[in-house]
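K.L.:
The structure under discussion is supplied below as structure tokens; questions concerning it will follow.
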Amino acid sequence: MKVDVILGLQWGDEGKGKLVDVVCPTYPIIARFQGGPNAGHSLVIHGKKMVLNTIPSGIFRDGSTNVAGSGMVLNPVGLLREIKMLEANGVPVKDRLVLSRRAHLILPTHPLLDAAMEQAKGDEKIGSTLKGIGPAYSDKTARQGIRLGDLDNGRFDANFREQIARHTDELNRHGSDLSELNALCDEWKKSLDEIAAYQRADTEFFLNKALDRGEPILAEGAQGTLLDLEFGSYPFVTSSHTTVAGVCSGLGVAPQRVGKVMGIFKAYCTRVGSGPFPTELNNETGDFLRQTGHEFGATTGRPRRCGWIDLPALRYAIMLNGVTDLIMTKADVLSGLPEIGVCTHYRTANGRTPYFPSDLDGVEPVIKMIPGWNQSLTESTSEDALPAQLLRYIDLLEDELDRPIRIVSVGPDRRQTIHRR
Ligand code: GDP
Ligand code: IMO
Ligand code: MG
């Protein structure tokens, strides 16, 4: 059996949460492989919107096992809040969630360091979610992080005190306000004590054994390819591996065990936080996309920057991930626009290119305008009901991207999903 993957091809928020929820009934196991509570994955369950930050989006399905993999970083405080929210909604989290012993912990000082570092950067700030992601992964890479599994050894408390002392020195150098630190540490430890009652395991063995038994796994990406530490719009990226490579390193599965790679993209493009965005629309059309698409961050509430679809970026993301199937979301948001822009190429100092370069400075989008449609899509349940202009848009994208668009999503609800032949 294989690990199939759903991951974002743009700058995050492509609708991964909704699509994992739609696709997961055929997968007994759903696993997050990277990132942490910087993610905000929205699902609509029986008409109610739910946002997950750390827990995989399969958690609502009966009989599912949801794994927070070793490539993730976990904050016990937020994780416990998320668990309580789910339990209040009747989800038996204790039965369905397994946490990797190798996952690193976001300490109470990591978000403070994140904020201090962003402030020090001034105008150059990344626009981080301030969840402590960068500092937690930095400590992991510097081989001084604390893992969830360290709870099971005798060094946990000493390590915690040592790390907090080191971070405190650094925060003092930044002039940070530390008056709440003791209270934050107390809350963090209390939350961790409660988290300790949930299942934790060496999930690399759990997952490989499940594959050996013939159980397929769905890996759920967070963020998007263009935020990847290695291949994203560096330095305006996150600190983890958001591409398919992250599935292997973050779950402990070998590359030949990866099956379908479902690449998800919006019918337009958004970005939250700083950094280059060649097709950004700082005009009424951008405002239209933001209002109609409710483009405000699921985690931070920040307005998302909006623009036209970017084919050089999508071609690049498809190449990096070996995408086999495409999923297009939010096609409904484009209804009512007389024309839709498609960025087919970039104009750079070295001429026109169909590819996404390692440096986006000075890159200009080459935009082709195509006819839009007026018809609302949100009640459409089959491809036959879609307007001819949208079908032409889909044809154009499949042609340019050389991959089939298997699913078109036309609203946030599970039912607003069109599976294509
Ligand atoms: P994720 O981070 O990739 O899971 O995406 P987010 O949940 O952050 O953002 C996607 C937003 O779009 C959420 O509010 C979803 O409920 C919503 N959404 C998902 N698919 C569709 C769609 O096809 N149409 C519309 N209008 N909204 C959608
Ligand atoms: P999901 O999984 C969109 C962005 C932040 C910032 C940069 C670095 O919901 O798609 P970080 O907190 O990771 O250090 O921030 O990455 N970012 C996201 N943007 N969706 C996300 O997650 C994001 N997670 C991080 O806005 O620009
Ligand atoms: Mg999101």
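Naming scheme: A, B, ... for chains in displayed order of the structure tokens; residues 1 onward per chain; ligands 1 onward as shown.
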Which residues sit within 8 Å of ligand 3, counting only C-alpha atoms and all ligand atoms, listed as a PyMOL selection string?
P.N.:
chain A and resi 12-17+39-42+222-223+297-299
K.L.:
DSSP says strand (DSSP E) for which residues of region 7-226 of chain A? Put them as an mmCIF file with N, CA and C atoms, in the first residue's frame?
P.N.:
data_model
loop_
_atom_site.group_PDB
_atom_site.id
_atom_site.type_symbol
_atom_site.label_atom_id
_atom_site.label_comp_id
_atom_site.auth_asym_id
_atom_site.auth_seq_id
_atom_site.Cartn_x
_atom_site.Cartn_y
_atom_site.Cartn_z
ATOM 1 N N LEU A 7 -1.095 18.149 -1.038
ATOM 2 C CA LEU A 7 -0.296 19.287 -0.577
ATOM 3 C C LEU A 7 -0.571 20.516 -1.432
ATOM 4 N N GLY A 8 -0.269 21.671 -0.866
ATOM 5 C CA GLY A 8 -0.561 22.954 -1.508
ATOM 6 C C GLY A 8 0.499 23.314 -2.532
ATOM 7 N N ILE A 29 -5.855 6.019 7.753
ATOM 8 C CA ILE A 29 -4.865 6.819 8.499
ATOM 9 C C ILE A 29 -4.591 8.121 7.743
ATOM 10 N N ILE A 30 -4.612 9.219 8.471
ATOM 11 C CA ILE A 30 -4.298 10.531 7.892
ATOM 12 C C ILE A 30 -3.148 11.100 8.719
ATOM 13 N N ALA A 31 -2.118 11.629 8.057
ATOM 14 C CA ALA A 31 -0.935 12.065 8.806
ATOM 15 C C ALA A 31 -0.440 13.428 8.342
ATOM 16 N N ARG A 32 -0.206 14.307 9.294
ATOM 17 C CA ARG A 32 0.497 15.568 9.003
ATOM 18 C C ARG A 32 1.996 15.279 9.101
ATOM 19 N N HIS A 41 -6.395 24.989 8.947
ATOM 20 C CA HIS A 41 -7.112 24.215 7.941
ATOM 21 C C HIS A 41 -8.598 24.217 8.294
ATOM 22 N N SER A 42 -9.403 24.818 7.413
ATOM 23 C CA SER A 42 -10.840 24.961 7.697
ATOM 24 C C SER A 42 -11.628 23.824 7.085
ATOM 25 N N LEU A 43 -12.597 23.359 7.850
ATOM 26 C CA LEU A 43 -13.508 22.314 7.372
ATOM 27 C C LEU A 43 -14.914 22.767 7.737
ATOM 28 N N VAL A 44 -15.890 22.340 6.964
ATOM 29 C CA VAL A 44 -17.272 22.609 7.330
ATOM 30 C C VAL A 44 -17.921 21.253 7.606
ATOM 31 N N ILE A 45 -18.264 21.035 8.878
ATOM 32 C CA ILE A 45 -18.821 19.742 9.288
ATOM 33 C C ILE A 45 -20.263 19.985 9.719
ATOM 34 N N LYS A 48 -21.113 23.502 10.173
ATOM 35 C CA LYS A 48 -20.364 24.279 11.170
ATOM 36 C C LYS A 48 -18.896 24.371 10.756
ATOM 37 N N LYS A 49 -18.348 25.611 10.776
ATOM 38 C CA LYS A 49 -16.943 25.764 10.388
ATOM 39 C C LYS A 49 -16.018 25.392 11.546
ATOM 40 N N MET A 50 -15.035 24.568 11.259
ATOM 41 C CA MET A 50 -14.039 24.161 12.261
ATOM 42 C C MET A 50 -12.661 24.497 11.693
ATOM 43 N N VAL A 51 -11.775 24.965 12.546
ATOM 44 C CA VAL A 51 -10.406 25.235 12.089
ATOM 45 C C VAL A 51 -9.436 24.371 12.884
ATOM 46 N N LEU A 52 -8.612 23.627 12.158
ATOM 47 C CA LEU A 52 -7.593 22.791 12.798
ATOM 48 C C LEU A 52 -6.220 23.401 12.550
ATOM 49 N N THR A 65 -7.502 7.017 12.103
ATOM 50 C CA THR A 65 -6.381 7.311 13.001
ATOM 51 C C THR A 65 -5.646 8.496 12.400
ATOM 52 N N ASN A 66 -5.375 9.494 13.218
ATOM 53 C CA ASN A 66 -4.755 10.729 12.750
ATOM 54 C C ASN A 66 -3.411 10.912 13.436
ATOM 55 N N VAL A 67 -2.379 10.990 12.620
ATOM 56 C CA VAL A 67 -1.017 10.998 13.155
ATOM 57 C C VAL A 67 -0.398 12.383 13.001
ATOM 58 N N ALA A 68 0.123 12.915 14.110
ATOM 59 C CA ALA A 68 0.958 14.119 14.043
ATOM 60 C C ALA A 68 2.389 13.610 13.935
ATOM 61 N N VAL A 73 6.115 20.365 14.578
ATOM 62 C CA VAL A 73 6.436 21.002 15.864
ATOM 63 C C VAL A 73 5.105 21.270 16.579
ATOM 64 N N LEU A 74 5.051 20.870 17.865
ATOM 65 C CA LEU A 74 3.783 20.885 18.604
ATOM 66 C C LEU A 74 3.855 21.852 19.780
ATOM 67 N N LEU A 97 -6.233 10.037 17.751
ATOM 68 C CA LEU A 97 -5.019 10.844 17.557
ATOM 69 C C LEU A 97 -3.798 10.117 18.090
ATOM 70 N N VAL A 98 -2.726 10.088 17.288
ATOM 71 C CA VAL A 98 -1.444 9.530 17.739
ATOM 72 C C VAL A 98 -0.359 10.568 17.471
ATOM 73 N N LEU A 99 0.408 10.893 18.498
ATOM 74 C CA LEU A 99 1.448 11.925 18.375
ATOM 75 C C LEU A 99 2.822 11.266 18.282
ATOM 76 N N SER A 100 3.651 11.763 17.384
ATOM 77 C CA SER A 100 4.987 11.189 17.235
ATOM 78 C C SER A 100 5.878 11.573 18.414
ATOM 79 N N HIS A 104 9.017 17.742 17.671
ATOM 80 C CA HIS A 104 9.631 18.699 18.595
ATOM 81 C C HIS A 104 8.575 19.584 19.236
ATOM 82 N N LEU A 105 8.903 20.057 20.426
ATOM 83 C CA LEU A 105 7.960 20.905 21.159
ATOM 84 C C LEU A 105 8.277 22.384 20.937
ATOM 85 N N GLN A 199 -2.349 9.320 23.028
ATOM 86 C CA GLN A 199 -1.436 8.288 22.508
ATOM 87 C C GLN A 199 -0.186 8.918 21.907
ATOM 88 N N ARG A 200 0.976 8.436 22.304
ATOM 89 C CA ARG A 200 2.187 8.818 21.585
ATOM 90 C C ARG A 200 2.933 7.540 21.209
ATOM 91 N N ALA A 201 3.639 7.624 20.080
ATOM 92 C CA ALA A 201 4.249 6.401 19.538
ATOM 93 C C ALA A 201 5.440 6.767 18.668
ATOM 94 N N ILE A 217 -2.426 5.309 3.450
ATOM 95 C CA ILE A 217 -2.284 6.496 4.311
ATOM 96 C C ILE A 217 -2.472 7.739 3.444
ATOM 97 N N LEU A 218 -3.133 8.736 4.002
ATOM 98 C CA LEU A 218 -3.223 10.033 3.330
ATOM 99 C C LEU A 218 -2.350 11.024 4.097
ATOM 100 N N ALA A 219 -1.351 11.582 3.420
ATOM 101 C CA ALA A 219 -0.489 12.583 4.058
ATOM 102 C C ALA A 219 -1.038 13.972 3.727
ATOM 103 N N GLU A 220 -1.182 14.783 4.751
ATOM 104 C CA GLU A 220 -1.784 16.120 4.610
ATOM 105 C C GLU A 220 -0.713 17.193 4.759
#
K.L.:
Within 10 Å of Gln34 (chain A), counting only C-alpha atoms, which residues qualify if same-chain residues fewer than 3 places away don't, as a VMD selection string?
P.N.:
chain A and resid 31 39 54 68 to 73 103 220 to 223 239 to 243 246 to 247 249 to 251
K.L.:
Using only C-alpha atoms, which residues sit within 7 Å of region 279-287 of chain A once same-chain residues fewer than 5 positions away are excluded, as a list in words?
P.N.:
Arg305, Cys306, Gly307, Trp308, Asp310 and Pro365 of chain A
K.L.:
Could you save those same residues with C-alpha atoms as a PDB file, in the first residue's frame?
P.N.:
ATOM      1  CA  ARG A 305      -3.108  39.362  -0.567  1.00  0.00           C
ATOM      2  CA  CYS A 306      -4.939  38.289  -3.734  1.00  0.00           C
ATOM      3  CA  GLY A 307      -3.972  38.007  -7.409  1.00  0.00           C
ATOM      4  CA  TRP A 308      -4.377  36.041 -10.634  1.00  0.00           C
ATOM      5  CA  ASP A 310       0.359  32.033 -11.656  1.00  0.00           C
ATOM      6  CA  PRO A 365       3.898  38.668 -14.925  1.00  0.00           C
TER       7      PRO A 365
END
K.L.:
Rounded to one decimal in Å, what is the spacing between CA of Ile370 (chain A) and CA of Ile309 (chain A)?
P.N.:
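Calculated distance between CA of Ile370 (chain A) and CA of Ile309 (chain A) is 12.0 Å.
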K.L.:
In terms of the shortest atom-to-atom distance over only C-alpha atoms and all ligand atoms, which of A:Gly275, A:Gly301, A:Gly122, A:Gly63 is closest to ligand 1?
P.N.:
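Ranked by minimum distance to ligand 1, first place goes to A:Gly301.
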K.L.:
Using only C-alpha atoms, tabulate the residues of region 155-231 of chain A lying at most 12 Å from any atom of region 268-272 of chain A, each with its closest atom pair and that distance in Å to one decimal, by chain and increasing residue number, as CSV.
P.N.:
residue,atom,partner,partner_atom,distance
A:Gln223,CA,A:Arg271,CA,10.4
A:Gly224,CA,A:Arg271,CA,10.0
A:Thr225,CA,A:Arg271,CA,12.0
A:Leu226,CA,A:Arg271,CA,9.7
A:Leu227,CA,A:Arg271,CA,9.7
K.L.:
Would you put the residues from that selection into a file with C-alpha atoms, as a PDB file, in the first residue's frame?
P.N.:
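The resulting part.pdb:
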ATOM      1  CA  GLN A 223       1.526  25.683   4.121  1.00  0.00           C
ATOM      2  CA  GLY A 224       2.331  25.418   0.398  1.00  0.00           C
ATOM      3  CA  THR A 225       5.168  24.653  -1.995  1.00  0.00           C
ATOM      4  CA  LEU A 226       6.086  28.330  -2.426  1.00  0.00           C
ATOM      5  CA  LEU A 227       6.617  28.574   1.356  1.00  0.00           C
TER       6      LEU A 227
END
K.L.:
Check the smallest atom-to-atom distance from each of A:Ile146, A:Ala197, A:Leu337, A:Val3 to Asp212 (chain A) using only C-alpha atoms, then report the winner.
P.N.:
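Once distances to Asp212 (chain A) are computed over only C-alpha atoms, the minimum belongs to A:Val3.
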K.L.:
Env of Ile418 (chain A): 12 Å cut, atoms = only C-alpha atoms, seq-sep filter 6 positions within chain, self excluded. Answer as a short mmCIF file (atom, residue, chain, number, x, y, z; two decimals) with all heavy atoms, in the first residue's frame.
P.N.:
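Result written to result_4.cif:
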data_model
loop_
_atom_site.label_atom_id
_atom_site.label_comp_id
_atom_site.auth_asym_id
_atom_site.auth_seq_id
_atom_site.Cartn_x
_atom_site.Cartn_y
_atom_site.Cartn_z
N LEU A 19 -10.38 19.53 1.42
CA LEU A 19 -10.18 18.41 0.50
C LEU A 19 -9.70 17.15 1.21
O LEU A 19 -10.08 16.03 0.82
CB LEU A 19 -9.22 18.82 -0.63
CG LEU A 19 -9.95 19.32 -1.90
CD1 LEU A 19 -10.78 18.17 -2.51
CD2 LEU A 19 -10.87 20.49 -1.64
N VAL A 22 -12.75 15.63 2.39
CA VAL A 22 -13.53 15.02 1.30
C VAL A 22 -12.92 13.68 0.88
O VAL A 22 -13.62 12.69 0.67
CB VAL A 22 -13.58 15.97 0.07
CG1 VAL A 22 -14.07 15.26 -1.18
CG2 VAL A 22 -14.49 17.17 0.38
N VAL A 23 -11.60 13.64 0.78
CA VAL A 23 -10.92 12.48 0.20
C VAL A 23 -10.68 11.37 1.23
O VAL A 23 -10.56 10.20 0.87
CB VAL A 23 -9.57 12.96 -0.43
CG1 VAL A 23 -8.70 11.80 -0.82
CG2 VAL A 23 -9.85 13.85 -1.64
N ILE A 327 -6.12 19.41 -8.08
CA ILE A 327 -7.41 19.75 -7.47
C ILE A 327 -7.50 21.27 -7.48
O ILE A 327 -6.60 21.95 -6.99
CB ILE A 327 -7.47 19.26 -6.00
CG1 ILE A 327 -7.33 17.74 -5.94
CG2 ILE A 327 -8.76 19.72 -5.34
CD1 ILE A 327 -7.22 17.18 -4.52
N MET A 328 -8.58 21.79 -8.07
CA MET A 328 -8.75 23.25 -8.12
C MET A 328 -9.87 23.66 -7.17
O MET A 328 -10.96 23.10 -7.22
CB MET A 328 -9.09 23.71 -9.53
CG MET A 328 -9.30 25.22 -9.62
SD MET A 328 -9.23 25.84 -11.30
CE MET A 328 -10.92 25.60 -11.80
N THR A 329 -9.58 24.62 -6.30
CA THR A 329 -10.60 25.09 -5.35
C THR A 329 -11.02 26.52 -5.68
O THR A 329 -10.36 27.24 -6.43
CB THR A 329 -10.06 25.06 -3.90
OG1 THR A 329 -8.91 25.89 -3.83
CG2 THR A 329 -9.71 23.65 -3.48
N LYS A 330 -12.13 26.91 -5.07
CA LYS A 330 -12.60 28.29 -5.07
C LYS A 330 -12.90 28.84 -6.46
O LYS A 330 -12.82 30.05 -6.69
CB LYS A 330 -11.62 29.19 -4.30
CG LYS A 330 -11.42 28.69 -2.86
CD LYS A 330 -10.78 29.68 -1.94
CE LYS A 330 -11.77 30.33 -1.00
NZ LYS A 330 -11.16 31.03 0.13
N ALA A 331 -13.26 27.92 -7.39
CA ALA A 331 -13.66 28.37 -8.73
C ALA A 331 -14.88 29.28 -8.61
O ALA A 331 -15.04 30.24 -9.38
CB ALA A 331 -14.00 27.15 -9.58
N ASP A 332 -15.74 29.01 -7.60
CA ASP A 332 -16.96 29.81 -7.41
C ASP A 332 -16.67 31.29 -7.16
O ASP A 332 -17.48 32.15 -7.48
CB ASP A 332 -17.76 29.24 -6.22
CG ASP A 332 -16.91 29.13 -4.96
OD1 ASP A 332 -15.93 28.38 -4.97
OD2 ASP A 332 -17.22 29.82 -3.96
N LEU A 377 -21.74 29.12 -9.02
CA LEU A 377 -21.37 27.69 -9.12
C LEU A 377 -21.72 26.90 -7.87
O LEU A 377 -21.59 25.68 -7.86
CB LEU A 377 -19.86 27.56 -9.34
CG LEU A 377 -19.22 28.34 -10.48
CD1 LEU A 377 -17.72 28.08 -10.49
CD2 LEU A 377 -19.84 27.94 -11.80
N THR A 378 -22.13 27.61 -6.82
CA THR A 378 -22.14 26.97 -5.50
C THR A 378 -23.16 25.84 -5.37
O THR A 378 -23.06 25.02 -4.46
CB THR A 378 -22.37 28.00 -4.38
OG1 THR A 378 -23.55 28.73 -4.71
CG2 THR A 378 -21.21 28.96 -4.26
N GLU A 379 -24.13 25.79 -6.28
CA GLU A 379 -25.10 24.69 -6.24
C GLU A 379 -24.76 23.60 -7.26
O GLU A 379 -25.47 22.60 -7.36
CB GLU A 379 -26.52 25.21 -6.52
CG GLU A 379 -27.02 26.29 -5.57
CD GLU A 379 -27.17 25.80 -4.14
OE1 GLU A 379 -27.55 24.63 -3.96
OE2 GLU A 379 -26.85 26.57 -3.20
N SER A 380 -23.71 23.81 -8.04
CA SER A 380 -23.38 22.83 -9.09
C SER A 380 -22.89 21.53 -8.46
O SER A 380 -22.06 21.56 -7.55
CB SER A 380 -22.27 23.35 -10.02
OG SER A 380 -22.58 24.65 -10.44
N THR A 381 -23.38 20.42 -8.97
CA THR A 381 -22.93 19.14 -8.41
C THR A 381 -22.26 18.25 -9.46
O THR A 381 -21.72 17.20 -9.12
CB THR A 381 -24.12 18.35 -7.80
OG1 THR A 381 -25.15 18.31 -8.78
CG2 THR A 381 -24.64 19.01 -6.54
N SER A 382 -22.32 18.67 -10.73
CA SER A 382 -21.63 17.86 -11.74
C SER A 382 -21.00 18.78 -12.78
O SER A 382 -21.38 19.95 -12.92
CB SER A 382 -22.61 16.90 -12.42
OG SER A 382 -23.33 17.62 -13.39
N GLU A 383 -20.08 18.21 -13.50
CA GLU A 383 -19.35 18.98 -14.49
C GLU A 383 -20.28 19.55 -15.56
O GLU A 383 -20.06 20.65 -16.07
CB GLU A 383 -18.30 18.06 -15.13
CG GLU A 383 -17.26 18.81 -15.86
CD GLU A 383 -16.15 17.90 -16.38
OE1 GLU A 383 -16.05 16.75 -15.94
OE2 GLU A 383 -15.40 18.38 -17.24
N ASP A 384 -21.35 18.78 -15.89
CA ASP A 384 -22.28 19.23 -16.93
C ASP A 384 -22.94 20.55 -16.57
O ASP A 384 -23.39 21.29 -17.44
CB ASP A 384 -23.40 18.18 -17.14
CG ASP A 384 -22.82 16.80 -17.33
OD1 ASP A 384 -21.67 16.72 -17.81
OD2 ASP A 384 -23.50 15.81 -16.96
N ALA A 385 -23.02 20.84 -15.27
CA ALA A 385 -23.71 22.06 -14.84
C ALA A 385 -22.80 23.29 -14.88
O ALA A 385 -23.23 24.41 -14.60
CB ALA A 385 -24.24 21.85 -13.43
N LEU A 386 -21.53 23.08 -15.21
CA LEU A 386 -20.59 24.22 -15.16
C LEU A 386 -20.67 25.06 -16.43
O LEU A 386 -20.90 24.52 -17.52
CB LEU A 386 -19.15 23.70 -14.96
CG LEU A 386 -18.90 22.92 -13.67
CD1 LEU A 386 -17.45 22.44 -13.62
CD2 LEU A 386 -19.23 23.77 -12.45
N ILE A 405 -7.07 17.84 -14.00
CA ILE A 405 -7.73 18.42 -12.82
C ILE A 405 -8.86 17.46 -12.45
O ILE A 405 -9.87 17.37 -13.13
CB ILE A 405 -8.26 19.84 -13.12
CG1 ILE A 405 -7.10 20.77 -13.49
CG2 ILE A 405 -9.04 20.39 -11.91
CD1 ILE A 405 -7.49 22.20 -13.83
N ARG A 406 -8.65 16.70 -11.38
CA ARG A 406 -9.59 15.63 -11.03
C ARG A 406 -10.77 16.12 -10.22
O ARG A 406 -11.83 15.51 -10.22
CB ARG A 406 -8.88 14.56 -10.19
CG ARG A 406 -7.71 13.92 -10.88
CD ARG A 406 -8.16 12.72 -11.68
NE ARG A 406 -7.00 12.00 -12.18
CZ ARG A 406 -6.95 11.40 -13.34
NH1 ARG A 406 -8.01 11.42 -14.14
NH2 ARG A 406 -5.86 10.78 -13.73
N ILE A 407 -10.55 17.17 -9.44
CA ILE A 407 -11.62 17.67 -8.57
C ILE A 407 -11.69 19.19 -8.73
O ILE A 407 -10.67 19.87 -8.76
CB ILE A 407 -11.34 17.32 -7.09
CG1 ILE A 407 -11.34 15.80 -6.88
CG2 ILE A 407 -12.36 17.98 -6.16
CD1 ILE A 407 -11.03 15.34 -5.45
N VAL A 408 -12.93 19.69 -8.83
CA VAL A 408 -13.15 21.15 -8.81
C VAL A 408 -14.04 21.43 -7.60
O VAL A 408 -15.12 20.86 -7.46
CB VAL A 408 -13.83 21.62 -10.12
CG1 VAL A 408 -14.12 23.12 -10.05
CG2 VAL A 408 -12.95 21.31 -11.33
N SER A 409 -13.55 22.30 -6.72
CA SER A 409 -14.31 22.63 -5.51
C SER A 409 -15.02 23.96 -5.74
O SER A 409 -14.41 24.92 -6.24
CB SER A 409 -13.33 22.72 -4.33
OG SER A 409 -13.97 23.26 -3.20
N VAL A 410 -16.32 24.01 -5.39
CA VAL A 410 -17.12 25.20 -5.69
C VAL A 410 -17.76 25.80 -4.44
O VAL A 410 -18.75 26.51 -4.52
CB VAL A 410 -18.20 24.89 -6.77
CG1 VAL A 410 -17.56 24.60 -8.11
CG2 VAL A 410 -19.10 23.73 -6.34
N GLY A 411 -17.20 25.50 -3.28
CA GLY A 411 -17.70 26.05 -2.03
C GLY A 411 -17.03 25.33 -0.88
O GLY A 411 -16.41 24.28 -1.07
#
K.L.:
So what do you get for CA of Gly132 (chain A) versus CA of Ser176 (chain A), distance-wise?
P.N.:
14.7 Å
K.L.:
Using only C-alpha atoms and all ligand atoms, which residue out of A:Asp228, A:Glu204, A:Glu187, A:Asp325 lies closest to ligand 2?
P.N.:
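Residue with the minimum atom-to-atom distance to ligand 2: A:Asp228.
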K.L.:
Expressed in Å to a single decimal, how great is the separation between CA of Val20 (chain A) and CA of Arg415 (chain A)?
P.N.:
13.3 Å
